[in-house]
Amino acid sequence: MTMTNNSLRGKVVVITGGSSGIGRAVALQAASAGATIVLLARNLTKLEEVRVAAQSRAHRPAFAFQLDVSDPVNIDAVWHQVLETVPRVDVLLNAAGFGVFTEALDTPMATTEKMFRTNVLGLIYMTRLAGRQMLAQGSGHIISIASMAGKIATPKSAVYAATKSAVIAYNNALRLELRPHGIEVTTVNPGPVATNFFKTAKAEDYEAKVAMFTLDPEKLAARIVGAFGRRVREINAPVIMNVAAIAYPMVPRVGDWLAGTIFNRK
């Protein structure tokens with residue numbers, strides 16, 4: 001399956017976390033390229049706003065279903081509804097996720113469990129369902145939003161970094177398993193992005209401190225949509241963090257220093 005921005009018409013794109021942030025930005029850009037959008041998130045009011053906007057841009061129906069990806073029973077029920085609504089799934093974007101920035105020993109276990117259920121287990125559950133559908137179709141593309149934090153862990157992000165590192169590792173193995181079946185797997189590793197993420201993470205001060213590294217969600221969304229149907233292993237941004245992530249394992253002491261100083265703005 002090869003897609004370009006001019007050939008998304010007739011393609012179905014399912015997006016978790018589709019009510020805001022990266023998920024919303026990708027939904028609207030993919031809709032502008034003619035894709036049929038299926039939005040999944042907890043906030044049904046915001047989902048409906050994005051659905052209407054996507055439908056207007058695509059000039060074709062868009063769909064929205066309320067979903068808590070931390071709840072496997074809810075995932076099963078909603079996925080059944082999705083497959084009753086659309087004939088196939090060409091792209092799954094796993095964009096649902098959150099972070100809370102606190103020191104490792106002070107992070108409540110309830111918060112830790114919720115982050116893993118949302119960022120990792122829910123993502124894996126959604127990927128299994130979509131992946132099986134794509135196997136039956138003989139094509140598809142699974143794209144997951146991880147983070148530079150999964151490559152360069154910094155203080156006060158131990159749990160969040162652990163969840164994103166898990167996503168990177170999962171996708172690395174999944175890519176090798178699914179590629180022979182015509183299914184592509186891409187991991188997106190952004191640094192800070194100008195979204196509501198920082199409010200959820202209770203880190204508004206951090207957002208101001210990393211302004212020089214902050215990514216525009218629209219530009220990142222354009223890169224993601226441009227990767228639909230293509231053999232793109234990873235999307236890493238910004239460049240300076242990607243260079244640091246590559247160098248980290250080669251010179252870990254320097255990497256630790258960078259992670260504890262320059263990149264430690266929390």
# chains A, B, ... in the order shown; residues from 1 in each chain; ligands from 1
>>> select_by_dssp(residues="range 5-185 of chain A", states="alpha helix (DSSP H)", output="PyMOL selection string")
chain A and resi 21-32+44-58+72-85+109-116+122-137+158-178
>>> closest_atom_pairs(of="range 20-57 of chain A", to="range 139-153 of chain A", cutoff="12 Å", atoms="only C-alpha atoms", output="CSV")
residue,atom,partner,partner_atom,distance
A:Gly21,CA,A:Ile145,CA,11.3
A:Ile22,CA,A:Ile145,CA,8.7
A:Gly23,CA,A:Ile145,CA,9.3
A:Val26,CA,A:Ile143,CA,11.4
>>> residues_around(residues="range 69-74 of chain A", least_positions_apart="2", cutoff="9 Å", atoms="only C-alpha atoms", output="list in words")
Thr16, Gly17, Leu40, Ala41, Arg42, Leu67, Asp76, Ala77, Val78, Trp79, Ala96, Gly97, Lys114, Met115, Phe116, Arg117, Thr118, Asn119, Val120, Leu121, Gly122, Leu123, Tyr125 and Met126 of chain A
>>> select_by_dssp(residues="range 102-159 of chain A", states="strand (DSSP E)", output="MDAnalysis selection string")
chainID A and resid 140:145
>>> write_last_selection(atoms="N, CA and C atoms", output="mmCIF file, in the first residue's frame")
data_model
loop_
_atom_site.group_PDB
_atom_site.id
_atom_site.type_symbol
_atom_site.label_atom_id
_atom_site.label_comp_id
_atom_site.auth_asym_id
_atom_site.auth_seq_id
_atom_site.Cartn_x
_atom_site.Cartn_y
_atom_site.Cartn_z
ATOM 1 N N GLY A 140 -1.706 -2.238 5.315
ATOM 2 C CA GLY A 140 -2.038 -1.326 6.398
ATOM 3 C C GLY A 140 -0.800 -0.634 6.925
ATOM 4 N N HIS A 141 -1.021 0.322 7.810
ATOM 5 C CA HIS A 141 0.092 1.075 8.393
ATOM 6 C C HIS A 141 -0.265 1.430 9.819
ATOM 7 N N ILE A 142 0.593 1.014 10.758
ATOM 8 C CA ILE A 142 0.410 1.322 12.173
ATOM 9 C C ILE A 142 1.457 2.354 12.566
ATOM 10 N N ILE A 143 0.992 3.489 13.079
ATOM 11 C CA ILE A 143 1.882 4.577 13.485
ATOM 12 C C ILE A 143 1.618 4.883 14.956
ATOM 13 N N SER A 144 2.665 4.894 15.762
ATOM 14 C CA SER A 144 2.508 5.126 17.197
ATOM 15 C C SER A 144 3.328 6.334 17.628
ATOM 16 N N ILE A 145 2.708 7.191 18.438
ATOM 17 C CA ILE A 145 3.411 8.341 18.984
ATOM 18 C C ILE A 145 4.140 7.893 20.248
#
>>> closest_residue(among="A:Thr214, A:Gln55, A:Gln133, A:Asn94", to="Ala194 in chain A", atoms="only C-alpha atoms")
A:Thr214
>>> closest_residue(among="A:Val185, A:Ala130, A:Ala244, A:Leu105", to="Phe228 in chain A", atoms="only C-alpha atoms")
A:Val185
>>> closest_residue(among="A:Ile224, A:Ala104, A:Val89, A:Val167", to="Ile124 in chain A", atoms="only C-alpha atoms")
A:Val167
